[in-house]
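*Asks:* The following block contains the structure, expressed as structure tokens.
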Amino acid sequence: MKKYISLNKRFLVSISLVMLMFSCAVQENNTYPIETFTEMHYSQSYRAQEPPRLAAVVDAVTFNSEGGPEAVLNDTEYPNIKNYDVKMASELYRVNCSTCHGVIGLGDGSATKHIISKNNFYSKVNGMPHNAPANLVDSAANRLNTHDLMITYINAVSEGQLMPAFKKLLTQKEIREIVYYIFDKENGLSK
């Protein structure tokens, strides 16, 4: 009888430990109804590999100037060709434009060979390769020969075109800085 009780205790303790282990490992508040030993990226506290959630409330963004988001985001003080920041404009051009249009704006950037390739998606869908990116120095002199015309063109780029819609990526002030840099005959691309 003692042996039977001892065996029964061991069995109960073993079963209890196994059940305790499973109750600690099973979570019912995650992506799936039941997960055993969840991976780190499924944890509610770690979301780097999950799609983005709702954006933060606009009023939660801190501003370093007076006024609300409208006053800061709708910057109406635009630079002009005489007082634009050459250093900032050249960096904006380098980061946003030089990959396609080239370092000196001749339309010979590092992405050009892929853009005009016969093996890219555009070529396969349309039956012919895409045109090379524009020579910005030539455009500033001939086609888009005013600042406002080039700014309008950059803002009017629609989705589905090869050139990104910079209206959604850059502020109007940054777009104007880049355009002035393209037209500048002393410090910019047109020198």
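Letters A, B, ... mark the chains of the structure tokens in the order given; residue numbers begin at 1 per chain; ligand numbers begin at 1, in order shown.
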At a cut-off of 7 Å, using only C-alpha atoms, what residues contact Ala132 (chain A)? Leave out same-chain residues fewer than 3 positions from it and give the result as JSON, numbers by chain.

*Replies:* {"A": [107, 112, 115, 116]}

*Asks:* Considering only C-alpha atoms, can you say which of A:Arg176, A:Lys185, A:Arg94, A:Lys113 comes closest to Leu149 (chain A)?

*Replies:*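 Counting only C-alpha atoms, the residue closest to Leu149 (chain A) is A:Arg176.
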
*Asks:* Could you give me, as a Markdown table, every region 108-146 of chain A residue with an atom at most 12 Å from region 151-158 of chain A, plus its closest atom pair and distance in Å to one decimal, counting only C-alpha atoms, rows ordered by chain then number?

*Replies:*
| residue | atom | partner | partner_atom | distance |
| --- | --- | --- | --- | --- |
| A:Ser139 | CA | A:Tyr153 | CA | 11.5 |
| A:Ala140 | CA | A:Ile151 | CA | 11.3 |
| A:Arg143 | CA | A:Tyr153 | CA | 11.0 |
| A:Leu144 | CA | A:Tyr153 | CA | 8.3 |
| A:Asn145 | CA | A:Ile151 | CA | 10.7 |
| A:Thr146 | CA | A:Ile151 | CA | 8.7 |

*Asks:* Please indicate the distance in Å from CA of His147 (chain A) to CA of Asn131 (chain A), rounded to one decimal place.

*Replies:* 23.6 Å

*Asks:* As JSON, numbers by chain, please: the residues near Leu92 (chain A) (cut-off 10 Å, only C-alpha atoms, same-chain neighbours under 6 positions excluded).

*Replies:* {"A": [86, 98, 170, 174, 175, 177, 178, 181]}

*Asks:* Rounded to one decimal place, report the CA of Phe183 (chain A)-CA of His114 (chain A) distance in Å.

*Replies:* 27.1 Å

*Asks:* As a PyMOL selection string, please: every residue in region 75-186 of chain A that a backbone DSSP assignment puts in helix (DSSP H, G or I).

*Replies:* chain A and resi 86-96+98-101+112-115+121-126+136-141+147-156+172-183
